[in-house]
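A.B. asks: Below is target30.tsv; it holds TSV, C-alpha atoms.
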chain	number	residue	atom	x	y	z
A	1	MET	CA	25.03	-39.25	-6.35
A	2	ARG	CA	26.96	-37.37	-8.99
A	3	THR	CA	30.41	-37.84	-10.50
A	4	ALA	CA	32.88	-35.51	-12.21
A	5	PHE	CA	35.70	-36.83	-14.38
A	6	HIS	CA	38.89	-34.87	-14.90
A	7	LEU	CA	40.32	-35.26	-18.40
A	8	THR	CA	43.78	-33.73	-18.80
A	9	SER	CA	45.91	-36.29	-20.61
A	10	GLY	CA	47.09	-35.75	-24.17
A	11	ASP	CA	47.56	-39.47	-24.70
A	12	GLU	CA	44.81	-40.75	-27.01
A	13	ASP	CA	44.71	-44.21	-25.42
A	14	HIS	CA	44.37	-42.62	-22.00
A	15	GLN	CA	41.62	-40.30	-23.25
A	16	LYS	CA	39.76	-43.33	-24.59
A	17	THR	CA	40.10	-45.08	-21.21
A	18	VAL	CA	38.60	-42.09	-19.39
A	19	LEU	CA	35.66	-41.96	-21.81
A	20	THR	CA	35.10	-45.72	-21.56
A	21	ILE	CA	35.09	-45.56	-17.75
A	22	ALA	CA	32.54	-42.72	-17.87
A	23	GLU	CA	30.40	-44.75	-20.27
A	24	ASN	CA	30.60	-47.87	-18.10
A	25	LEU	CA	29.59	-45.80	-15.09
A	26	SER	CA	26.52	-44.49	-16.90
A	27	ASN	CA	25.61	-48.09	-17.77
A	28	ASP	CA	26.17	-49.43	-14.24
A	29	GLU	CA	22.73	-50.34	-12.92
A	30	THR	CA	23.95	-50.83	-9.35
A	31	ILE	CA	24.24	-47.07	-8.80
A	32	GLU	CA	21.72	-44.28	-9.29
A	33	LEU	CA	23.44	-41.20	-10.65
A	34	ASP	CA	21.86	-37.79	-11.13
A	35	ASP	CA	24.72	-36.47	-13.25
A	36	ILE	CA	28.00	-37.42	-14.85
A	37	ALA	CA	30.20	-34.55	-16.03
A	38	VAL	CA	33.54	-34.65	-17.83
A	39	VAL	CA	35.70	-31.55	-17.30
A	40	ALA	CA	38.49	-31.27	-19.87
A	41	GLN	CA	41.54	-29.05	-19.83
A	42	SER	CA	45.12	-28.87	-21.04
A	43	LYS	CA	45.84	-31.53	-23.68
A	44	GLY	CA	42.72	-33.40	-22.54
A	45	ILE	CA	40.62	-30.87	-24.46
A	46	ALA	CA	41.24	-32.60	-27.80
A	47	PRO	CA	38.33	-35.09	-27.72
A	48	LEU	CA	35.94	-32.15	-27.20
A	49	THR	CA	36.98	-30.55	-30.48
A	50	SER	CA	35.17	-31.37	-33.71
A	51	ASP	CA	38.09	-33.04	-35.41
A	52	GLY	CA	39.76	-34.45	-32.28
A	53	ALA	CA	40.41	-38.12	-31.70
A	54	HIS	CA	37.40	-39.72	-29.98
A	55	SER	CA	35.09	-36.78	-30.75
A	56	ASP	CA	32.56	-39.32	-32.02
A	57	THR	CA	32.64	-41.02	-28.63
A	58	VAL	CA	32.08	-37.64	-26.95
A	59	ARG	CA	29.00	-37.10	-29.15
A	60	GLU	CA	27.65	-40.54	-28.26
A	61	LEU	CA	28.19	-39.98	-24.52
A	62	MET	CA	26.47	-36.58	-24.73
A	63	ASP	CA	23.51	-38.30	-26.36
A	64	ALA	CA	23.56	-40.71	-23.40
A	65	GLY	CA	23.26	-37.77	-20.98
A	66	ILE	CA	26.87	-37.18	-19.96
A	67	SER	CA	27.83	-33.49	-19.98
A	68	PHE	CA	31.16	-32.15	-21.23
A	69	LYS	CA	32.80	-28.95	-20.01
A	70	ALA	CA	35.78	-27.22	-21.60
A	71	CYS	CA	38.26	-25.00	-19.71
A	72	SER	CA	38.25	-21.46	-21.17
A	73	ASN	CA	41.89	-20.91	-20.23
A	74	THR	CA	42.83	-23.93	-22.33
A	75	LEU	CA	40.67	-22.81	-25.27
A	76	GLU	CA	42.35	-19.41	-25.24
A	77	MET	CA	45.87	-20.79	-24.84
A	78	MET	CA	45.36	-23.31	-27.65
A	79	ASP	CA	43.51	-20.83	-29.85
A	80	ILE	CA	40.41	-23.02	-30.11
A	81	ASP	CA	37.27	-21.20	-31.27
A	82	ASP	CA	33.73	-21.97	-30.13
A	83	ALA	CA	33.05	-23.26	-33.62
A	84	ASP	CA	35.81	-25.87	-33.17
A	85	LEU	CA	34.05	-27.50	-30.21
A	86	VAL	CA	31.71	-30.47	-30.46
A	87	GLU	CA	28.16	-29.08	-30.37
A	88	GLY	CA	26.78	-29.12	-26.85
A	89	VAL	CA	30.09	-28.72	-25.02
A	90	GLU	CA	29.79	-26.12	-22.27
A	91	LYS	CA	32.56	-23.60	-21.62
A	92	VAL	CA	33.62	-23.03	-17.99
A	93	SER	CA	35.86	-20.28	-16.65
A	94	SER	CA	38.57	-22.77	-15.72
A	95	GLY	CA	38.72	-26.52	-15.32
A	96	ALA	CA	40.09	-26.26	-11.79
A	97	SER	CA	37.43	-23.83	-10.56
A	98	GLU	CA	34.64	-25.95	-12.09
A	99	LEU	CA	35.97	-29.12	-10.43
A	100	THR	CA	36.28	-27.26	-7.13
A	101	ARG	CA	32.66	-26.07	-7.43
A	102	LEU	CA	31.40	-29.52	-8.39
A	103	GLN	CA	33.15	-31.22	-5.45
A	104	ASP	CA	31.89	-28.48	-3.12
A	105	ASP	CA	28.44	-29.31	-4.47
A	106	GLY	CA	28.85	-33.00	-3.58
A	107	TYR	CA	30.21	-34.54	-6.77
A	108	ALA	CA	32.69	-37.37	-6.46
A	109	TYR	CA	35.95	-36.74	-8.32
A	110	LEU	CA	37.53	-39.28	-10.62
A	111	ARG	CA	40.79	-38.90	-12.48
A	112	PRO	CA	41.48	-42.27	-14.13
B	1	MET	CA	36.03	-23.02	-1.02
B	2	ARG	CA	39.50	-24.51	-0.89
B	3	THR	CA	41.48	-26.69	-3.27
B	4	ALA	CA	44.36	-29.13	-2.84
B	5	PHE	CA	46.51	-30.20	-5.77
B	6	HIS	CA	48.35	-33.52	-5.79
B	7	LEU	CA	51.73	-33.34	-7.50
B	8	THR	CA	53.37	-36.74	-7.98
B	9	SER	CA	54.63	-36.84	-11.56
B	10	GLY	CA	58.34	-36.82	-12.37
B	11	ASP	CA	57.67	-35.50	-15.87
B	12	GLU	CA	58.77	-31.86	-16.04
B	13	ASP	CA	56.13	-30.91	-18.61
B	14	HIS	CA	53.45	-32.47	-16.44
B	15	GLN	CA	54.79	-30.67	-13.36
B	16	LYS	CA	54.58	-27.39	-15.26
B	17	THR	CA	50.99	-28.14	-16.26
B	18	VAL	CA	49.98	-28.74	-12.63
B	19	LEU	CA	51.61	-25.46	-11.54
B	20	THR	CA	49.99	-23.55	-14.40
B	21	ILE	CA	46.56	-24.93	-13.53
B	22	ALA	CA	47.07	-23.90	-9.89
B	23	GLU	CA	48.12	-20.44	-11.01
B	24	ASN	CA	45.14	-20.09	-13.34
B	25	LEU	CA	42.85	-21.13	-10.50
B	26	SER	CA	44.29	-18.44	-8.24
B	27	ASN	CA	43.67	-15.89	-11.00
B	28	ASP	CA	40.11	-17.06	-11.74
B	29	GLU	CA	37.86	-14.24	-10.57
B	30	THR	CA	34.68	-16.31	-10.89
B	31	ILE	CA	35.49	-18.28	-7.74
B	32	GLU	CA	36.34	-17.14	-4.22
B	33	LEU	CA	38.99	-19.38	-2.71
B	34	ASP	CA	40.23	-19.28	0.88
B	35	ASP	CA	43.22	-21.49	0.17
B	36	ILE	CA	45.08	-23.32	-2.57
B	37	ALA	CA	47.60	-25.94	-1.45
B	38	VAL	CA	49.95	-28.08	-3.52
B	39	VAL	CA	50.97	-31.35	-1.86
B	40	ALA	CA	54.02	-32.92	-3.50
B	41	GLN	CA	55.39	-36.40	-3.09
B	42	SER	CA	57.35	-39.07	-4.95
B	43	LYS	CA	59.02	-37.67	-8.07
B	44	GLY	CA	56.66	-34.68	-7.90
B	45	ILE	CA	58.82	-33.28	-5.09
B	46	ALA	CA	61.46	-31.92	-7.50
B	47	PRO	CA	59.91	-28.47	-8.18
B	48	LEU	CA	59.90	-27.85	-4.39
B	49	THR	CA	63.68	-28.25	-4.19
B	50	SER	CA	65.96	-25.25	-4.61
B	51	ASP	CA	67.59	-26.43	-7.80
B	52	GLY	CA	64.63	-28.35	-9.21
B	53	ALA	CA	63.00	-27.58	-12.54
B	54	HIS	CA	60.22	-24.99	-12.08
B	55	SER	CA	61.42	-24.01	-8.59
B	56	ASP	CA	61.19	-20.37	-9.74
B	57	THR	CA	57.54	-20.93	-10.56
B	58	VAL	CA	57.00	-22.42	-7.11
B	59	ARG	CA	58.54	-19.30	-5.55
B	60	GLU	CA	56.25	-17.06	-7.63
B	61	LEU	CA	53.15	-19.03	-6.70
B	62	MET	CA	54.10	-18.91	-3.01
B	63	ASP	CA	54.38	-15.14	-3.32
B	64	ALA	CA	50.87	-15.22	-4.81
B	65	GLY	CA	49.57	-17.03	-1.71
B	66	ILE	CA	49.62	-20.67	-2.79
B	67	SER	CA	51.07	-22.99	-0.14
B	68	PHE	CA	53.39	-25.91	-0.88
B	69	LYS	CA	53.71	-29.02	1.25
B	70	ALA	CA	56.39	-31.70	0.95
B	71	CYS	CA	55.93	-35.35	1.97
B	72	SER	CA	58.45	-36.28	4.70
B	73	ASN	CA	58.57	-39.91	3.53
B	74	THR	CA	59.68	-38.73	0.12
B	75	LEU	CA	62.28	-36.35	1.56
B	76	GLU	CA	63.76	-39.16	3.61
B	77	MET	CA	63.69	-41.71	0.79
B	78	MET	CA	65.31	-39.27	-1.64
B	79	ASP	CA	67.76	-37.96	0.95
B	80	ILE	CA	66.59	-34.35	0.58
B	81	ASP	CA	67.56	-32.04	3.45
B	82	ASP	CA	65.49	-29.15	4.75
B	83	ALA	CA	68.12	-26.83	3.32
B	84	ASP	CA	67.45	-28.23	-0.15
B	85	LEU	CA	63.79	-27.12	-0.10
B	86	VAL	CA	62.54	-23.84	-1.51
B	87	GLU	CA	62.15	-21.45	1.42
B	88	GLY	CA	58.61	-21.50	2.76
B	89	VAL	CA	57.79	-25.08	1.83
B	90	GLU	CA	56.05	-26.85	4.70
B	91	LYS	CA	56.91	-30.45	5.60
B	92	VAL	CA	54.00	-32.84	6.26
B	93	SER	CA	54.20	-36.34	7.75
B	94	SER	CA	53.08	-37.92	4.48
B	95	GLY	CA	51.49	-36.65	1.30
B	96	ALA	CA	48.63	-39.14	1.55
B	97	SER	CA	47.75	-38.32	5.15
B	98	GLU	CA	47.84	-34.58	4.42
B	99	LEU	CA	45.54	-34.96	1.40
B	100	THR	CA	43.20	-37.14	3.48
B	101	ARG	CA	43.10	-34.49	6.20
B	102	LEU	CA	42.55	-31.67	3.72
B	103	GLN	CA	39.66	-33.47	1.99
B	104	ASP	CA	38.17	-34.35	5.36
B	105	ASP	CA	38.39	-30.63	6.11
B	106	GLY	CA	36.42	-29.77	2.94
B	107	TYR	CA	39.13	-29.17	0.36
B	108	ALA	CA	38.42	-30.21	-3.20
B	109	TYR	CA	41.05	-32.57	-4.64
B	110	LEU	CA	42.65	-32.05	-8.03
B	111	ARG	CA	45.19	-34.30	-9.68
B	112	PRO	CA	45.71	-32.92	-13.19
C	1	MET	CA	38.96	-40.81	8.37
C	2	ARG	CA	39.09	-43.18	5.43
C	3	THR	CA	40.98	-43.10	2.14
C	4	ALA	CA	40.39	-44.69	-1.26
C	5	PHE	CA	43.18	-45.04	-3.81
C	6	HIS	CA	42.48	-45.22	-7.53
C	7	LEU	CA	44.86	-47.55	-9.37
C	8	THR	CA	44.51	-47.36	-13.16
C	9	SER	CA	48.03	-47.14	-14.56
C	10	GLY	CA	49.58	-49.99	-16.52
C	11	ASP	CA	53.09	-48.74	-15.76
C	12	GLU	CA	54.71	-51.09	-13.23
C	13	ASP	CA	56.81	-48.35	-11.62
C	14	HIS	CA	53.70	-46.22	-11.23
C	15	GLN	CA	51.77	-49.16	-9.74
C	16	LYS	CA	54.58	-49.68	-7.24
C	17	THR	CA	54.45	-45.98	-6.29
C	18	VAL	CA	50.71	-46.16	-5.60
C	19	LEU	CA	51.16	-49.26	-3.42
C	20	THR	CA	54.09	-47.69	-1.54
C	21	ILE	CA	52.08	-44.53	-0.85
C	22	ALA	CA	49.19	-46.65	0.46
C	23	GLU	CA	51.61	-48.57	2.68
C	24	ASN	CA	53.22	-45.39	3.99
C	25	LEU	CA	49.76	-44.02	4.78
C	26	SER	CA	48.89	-47.13	6.79
C	27	ASN	CA	52.17	-46.69	8.73
C	28	ASP	CA	51.67	-42.95	9.35
C	29	GLU	CA	51.05	-42.61	13.07
C	30	THR	CA	49.97	-38.98	12.82
C	31	ILE	CA	46.59	-39.94	11.35
C	32	GLU	CA	43.94	-42.36	12.59
C	33	LEU	CA	42.38	-44.19	9.67
C	34	ASP	CA	39.39	-46.53	9.85
C	35	ASP	CA	39.95	-47.90	6.35
C	36	ILE	CA	42.25	-47.77	3.36
C	37	ALA	CA	40.88	-49.21	0.11
C	38	VAL	CA	42.57	-49.57	-3.26
C	39	VAL	CA	40.18	-49.67	-6.22
C	40	ALA	CA	41.82	-51.05	-9.38
C	41	GLN	CA	40.58	-50.91	-12.93
C	42	SER	CA	41.82	-50.81	-16.52
C	43	LYS	CA	45.50	-51.71	-16.75
C	44	GLY	CA	45.84	-51.02	-13.02
C	45	ILE	CA	44.20	-54.38	-12.35
C	46	ALA	CA	47.44	-56.31	-12.97
C	47	PRO	CA	48.87	-56.19	-9.42
C	48	LEU	CA	45.61	-57.75	-8.15
C	49	THR	CA	46.11	-60.86	-10.31
C	50	SER	CA	47.99	-63.86	-8.96
C	51	ASP	CA	50.88	-63.65	-11.38
C	52	GLY	CA	50.88	-59.86	-11.82
C	53	ALA	CA	53.84	-57.63	-11.01
C	54	HIS	CA	53.69	-56.51	-7.37
C	55	SER	CA	51.08	-59.16	-6.43
C	56	ASP	CA	53.28	-60.05	-3.46
C	57	THR	CA	53.08	-56.45	-2.29
C	58	VAL	CA	49.29	-56.60	-2.64
C	59	ARG	CA	49.23	-59.71	-0.43
C	60	GLU	CA	51.39	-57.99	2.19
C	61	LEU	CA	49.21	-54.89	2.22
C	62	MET	CA	46.06	-57.02	2.56
C	63	ASP	CA	47.67	-58.69	5.58
C	64	ALA	CA	48.27	-55.18	6.94
C	65	GLY	CA	44.53	-54.43	6.65
C	66	ILE	CA	44.31	-52.60	3.32
C	67	SER	CA	41.41	-53.80	1.16
C	68	PHE	CA	41.63	-54.29	-2.61
C	69	LYS	CA	38.70	-54.02	-4.99
C	70	ALA	CA	38.66	-55.09	-8.63
C	71	CYS	CA	36.40	-53.56	-11.31
C	72	SER	CA	34.14	-56.25	-12.82
C	73	ASN	CA	34.00	-54.45	-16.17
C	74	THR	CA	37.77	-54.68	-16.39
C	75	LEU	CA	37.82	-58.36	-15.37
C	76	GLU	CA	35.31	-59.17	-18.09
C	77	MET	CA	37.03	-57.08	-20.75
C	78	MET	CA	40.44	-58.60	-19.96
C	79	ASP	CA	39.01	-62.11	-19.55
C	80	ILE	CA	40.32	-62.48	-15.99
C	81	ASP	CA	38.66	-65.24	-13.96
C	82	ASP	CA	37.99	-65.15	-10.22
C	83	ALA	CA	40.66	-67.82	-9.82
C	84	ASP	CA	43.22	-65.45	-11.35
C	85	LEU	CA	42.76	-62.85	-8.61
C	86	VAL	CA	44.87	-62.63	-5.48
C	87	GLU	CA	42.89	-64.31	-2.69
C	88	GLY	CA	40.90	-61.77	-0.73
C	89	VAL	CA	40.37	-59.28	-3.56
C	90	GLU	CA	36.76	-58.11	-3.65
C	91	LYS	CA	34.92	-57.66	-6.94
C	92	VAL	CA	32.89	-54.46	-7.41
C	93	SER	CA	30.39	-53.70	-10.17
C	94	SER	CA	32.63	-50.98	-11.60
C	95	GLY	CA	35.63	-49.06	-10.36
C	96	ALA	CA	33.95	-45.72	-11.01
C	97	SER	CA	30.72	-46.57	-9.18
C	98	GLU	CA	32.66	-47.91	-6.20
C	99	LEU	CA	34.79	-44.77	-5.98
C	100	THR	CA	31.67	-42.63	-6.27
C	101	ARG	CA	30.03	-44.58	-3.43
C	102	LEU	CA	33.15	-44.40	-1.25
C	103	GLN	CA	33.50	-40.63	-1.70
C	104	ASP	CA	29.78	-40.20	-1.05
C	105	ASP	CA	30.39	-42.15	2.15
C	106	GLY	CA	33.15	-39.74	3.22
C	107	TYR	CA	36.30	-41.37	1.89
C	108	ALA	CA	39.08	-39.10	0.67
C	109	TYR	CA	40.18	-39.86	-2.90
C	110	LEU	CA	43.81	-40.23	-3.91
C	111	ARG	CA	45.10	-40.87	-7.38
C	112	PRO	CA	48.90	-40.67	-7.18
Written as C-alpha cells, that's how I'd like the structure from this file.
C.D. replies:
Amino acid sequence: MRTAFHLTSGDEDHQKTVLTIAENLSNDETIELDDIAVVAQSKGIAPLTSDGAHSDTVRELMDAGISFKACSNTLEMMDIDDADLVEGVEKVSSGASELTRLQDDGYAYLRP
Amino acid sequence: MRTAFHLTSGDEDHQKTVLTIAENLSNDETIELDDIAVVAQSKGIAPLTSDGAHSDTVRELMDAGISFKACSNTLEMMDIDDADLVEGVEKVSSGASELTRLQDDGYAYLRP
Amino acid sequence: MRTAFHLTSGDEDHQKTVLTIAENLSNDETIELDDIAVVAQSKGIAPLTSDGAHSDTVRELMDAGISFKACSNTLEMMDIDDADLVEGVEKVSSGASELTRLQDDGYAYLRP
C-alpha cells in the first residue's frame, strides 16, 4: 500500500500535525507501506523551503524515506527558487495533477 | 483520469484557493483529464450562489469545462432557491453521496 | 459502496459539520452504503470521548450504524484512557494506517 498526504495549510500548527501524522504512519508496524509521499502546495509549501518552519522535520522525514513534492505553480506564484527548497524536494507540474496521478496509481489520499 | 474537488470551507480566501487549484489543474498540460468536478456543501456553497464571493470565478471555470455540483441538503438548510444558484450548477442529493459515487467511479479526490 | 470520514479538526463547529454530513449521508436514500466509518485523530478525537463536545451526537450516529475509530497514537499522546472513550468506539493502530487500509479496501475518503 502507498499513501499520499496533501499539505496546503499555512497554519504552522496544522503543518506540524500533518508531518507528525506522516511520521507516525511510517513508524506504524501494523501496515506495510511501499511509499509515503507528501505533496505540498499553496501556503503548505513553507515547510519545504530551507528557512521555513518545520523544515528540519521535513529533512528528518526525508531521511526516514518519506518523499516530498512541491507544486511548480506555487513556486512560481510565490517566487521561490530551486535553491530555496530543502535539498531532495522534487518539483511536480502541479500539486493537483500529481495527487490525481498518485490516486490513479493506487495511492490512498490523506488530508489531515 | 478525472478529479473531484470538495469545497466545504466558509473562508473566502480558502474558497479562492480551491478554485485556483482547480483552474491550474485544468490548465496543466502534463495531464489528460476527462473531467474536473467541484462538489460544494456546507459553507462552501457560497461561491455557487449568484451573489456569492467568487461567483464570477465559478462562471469562468464553468465556461472552461469544469462542472459544479451543489448539495441539496445544504441548499435546503440554508434556504437557497434554485434561482439563487449560478446558472449551470447541478444539484446533487448530497455532497457526501456524490463524492462517494465519483470516487467509486474512479475519480481522484482533492480537498485542498 | 462504503465511505470513510477523516475527523481531525479541533474546532467544535467543524466537528459538528463533519458529523452532520455523515448523518445526512446515512439518511440519503439515493445511495446504498454498506458502511460508513469515521476515523478520528489529533484534536478531532474529542467528540469520541465521553465528556467531549458532540459526544451525544456520536452515540446517536453509532446507534444509526455508523462506526467510530480512534487513533491509538492520539490517545497515547493526549493521555486518554479506554474508559474515557464513548462506549463502542474502536481503537486503531493509527488514523493514517486505518484510512490507508480502508481506501485500499475500496472505501471513498471524505474530509469535509
A.B. asks: I'd like to know which of A:Ala40, A:Val86, A:Leu102, A:Leu61 is closest to A:Asn73, using only C-alpha atoms.
C.D. replies: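 Once distances to A:Asn73 are computed over only C-alpha atoms, the minimum belongs to A:Ala40.
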A.B. asks: I need the contact residues of chain B against chain A, so if you could list those with any atom within 7 Å, counting only C-alpha atoms, and return them as a PyMOL selection string, that would help.
C.D. replies: chain B and resi 3+21+25+31+108+111-112
A.B. asks: In Å, how far is it from atom CA of A:Arg59 to atom CA of A:Glu32?
C.D. replies: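 Calculated distance between atom CA of A:Arg59 and atom CA of A:Glu32 is 22.3 Å.
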A.B. asks: Do a neighbour search on A:Leu48 at 12 Å with all atoms listed in the file, toss out local chain neighbours closer than 6 positions, and write the hits as a PyMOL selection string.
C.D. replies: chain A and resi 7-8+15+19+38-42+54-62+67-71+74-75+80-91
A.B. asks: Between atom CA of C:Ile36 and atom CA of B:Met78, what is the distance, to one decimal in Å?
C.D. replies: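 Taking atom CA of C:Ile36 and atom CA of B:Met78, their separation equals 25.1 Å.
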A.B. asks: Quote the spacing between atom CA of B:Asp28 and atom CA of A:Ala4 in Å to one decimal place.
C.D. replies: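 Calculated distance between atom CA of B:Asp28 and atom CA of A:Ala4 is 19.8 Å.
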A.B. asks: May I have the centre and edge lengths, in Å to one decimal, of an axis-aligned box around the listed atoms of stretch 19-35 of chain C with 8 Å added to every side, as AutoDock Vina command-line options?
C.D. replies:
--center_x 46.7 --center_y -44.1 --center_z 4.8 --size_x 30.7 --size_y 26.3 --size_z 32.5
A.B. asks: Counting only C-alpha atoms, which residue out of B:Asp11, B:Gly65, B:Asp79, B:Thr20 sits closest to B:Thr49?
C.D. replies: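 That would be B:Asp79, the residue with the smallest distance to B:Thr49.
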A.B. asks: Which is closest to C:Asp35 among C:Pro47, C:Gly52, C:His14, C:Ala22, if we use all atoms listed in the file?
C.D. replies: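 Counting all atoms listed in the file, the residue closest to C:Asp35 is C:Ala22.
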A.B. asks: Can stretch 11-24 of chain B be brought up to N, CA and C atoms and written out as a PDB file, in the frame of the given file?
C.D. replies:
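The result, written out as result-v5.pdb:
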ATOM      1  N   ASP B  11      57.554 -36.096 -14.538  1.00  0.00           N
ATOM      2  CA  ASP B  11      57.670 -35.500 -15.870  1.00  0.00           C
ATOM      3  C   ASP B  11      57.626 -33.974 -15.755  1.00  0.00           C
ATOM      4  N   GLU B  12      58.673 -33.314 -16.245  1.00  0.00           N
ATOM      5  CA  GLU B  12      58.770 -31.860 -16.040  1.00  0.00           C
ATOM      6  C   GLU B  12      57.660 -31.084 -16.762  1.00  0.00           C
ATOM      7  N   ASP B  13      57.237 -31.565 -17.926  1.00  0.00           N
ATOM      8  CA  ASP B  13      56.130 -30.910 -18.610  1.00  0.00           C
ATOM      9  C   ASP B  13      54.840 -31.035 -17.799  1.00  0.00           C
ATOM     10  N   HIS B  14      54.647 -32.224 -17.249  1.00  0.00           N
ATOM     11  CA  HIS B  14      53.450 -32.470 -16.440  1.00  0.00           C
ATOM     12  C   HIS B  14      53.474 -31.599 -15.182  1.00  0.00           C
ATOM     13  N   GLN B  15      54.657 -31.515 -14.559  1.00  0.00           N
ATOM     14  CA  GLN B  15      54.790 -30.670 -13.360  1.00  0.00           C
ATOM     15  C   GLN B  15      54.415 -29.225 -13.697  1.00  0.00           C
ATOM     16  N   LYS B  16      54.884 -28.755 -14.841  1.00  0.00           N
ATOM     17  CA  LYS B  16      54.580 -27.390 -15.260  1.00  0.00           C
ATOM     18  C   LYS B  16      53.078 -27.200 -15.461  1.00  0.00           C
ATOM     19  N   THR B  17      52.434 -28.217 -16.049  1.00  0.00           N
ATOM     20  CA  THR B  17      50.990 -28.140 -16.260  1.00  0.00           C
ATOM     21  C   THR B  17      50.241 -28.003 -14.931  1.00  0.00           C
ATOM     22  N   VAL B  18      50.643 -28.804 -13.934  1.00  0.00           N
ATOM     23  CA  VAL B  18      49.980 -28.740 -12.630  1.00  0.00           C
ATOM     24  C   VAL B  18      50.141 -27.333 -12.029  1.00  0.00           C
ATOM     25  N   LEU B  19      51.357 -26.793 -12.105  1.00  0.00           N
ATOM     26  CA  LEU B  19      51.610 -25.460 -11.540  1.00  0.00           C
ATOM     27  C   LEU B  19      50.832 -24.384 -12.287  1.00  0.00           C
ATOM     28  N   THR B  20      50.744 -24.527 -13.599  1.00  0.00           N
ATOM     29  CA  THR B  20      49.990 -23.550 -14.400  1.00  0.00           C
ATOM     30  C   THR B  20      48.506 -23.589 -14.061  1.00  0.00           C
ATOM     31  N   ILE B  21      47.979 -24.796 -13.876  1.00  0.00           N
ATOM     32  CA  ILE B  21      46.560 -24.930 -13.530  1.00  0.00           C
ATOM     33  C   ILE B  21      46.292 -24.315 -12.154  1.00  0.00           C
ATOM     34  N   ALA B  22      47.221 -24.515 -11.213  1.00  0.00           N
ATOM     35  CA  ALA B  22      47.070 -23.900  -9.890  1.00  0.00           C
ATOM     36  C   ALA B  22      47.107 -22.382  -9.992  1.00  0.00           C
ATOM     37  N   GLU B  23      48.021 -21.887 -10.829  1.00  0.00           N
ATOM     38  CA  GLU B  23      48.120 -20.440 -11.010  1.00  0.00           C
ATOM     39  C   GLU B  23      46.850 -19.876 -11.650  1.00  0.00           C
ATOM     40  N   ASN B  24      46.368 -20.551 -12.687  1.00  0.00           N
ATOM     41  CA  ASN B  24      45.140 -20.090 -13.340  1.00  0.00           C
ATOM     42  C   ASN B  24      43.964 -20.080 -12.363  1.00  0.00           C
TER      43      ASN B  24
END
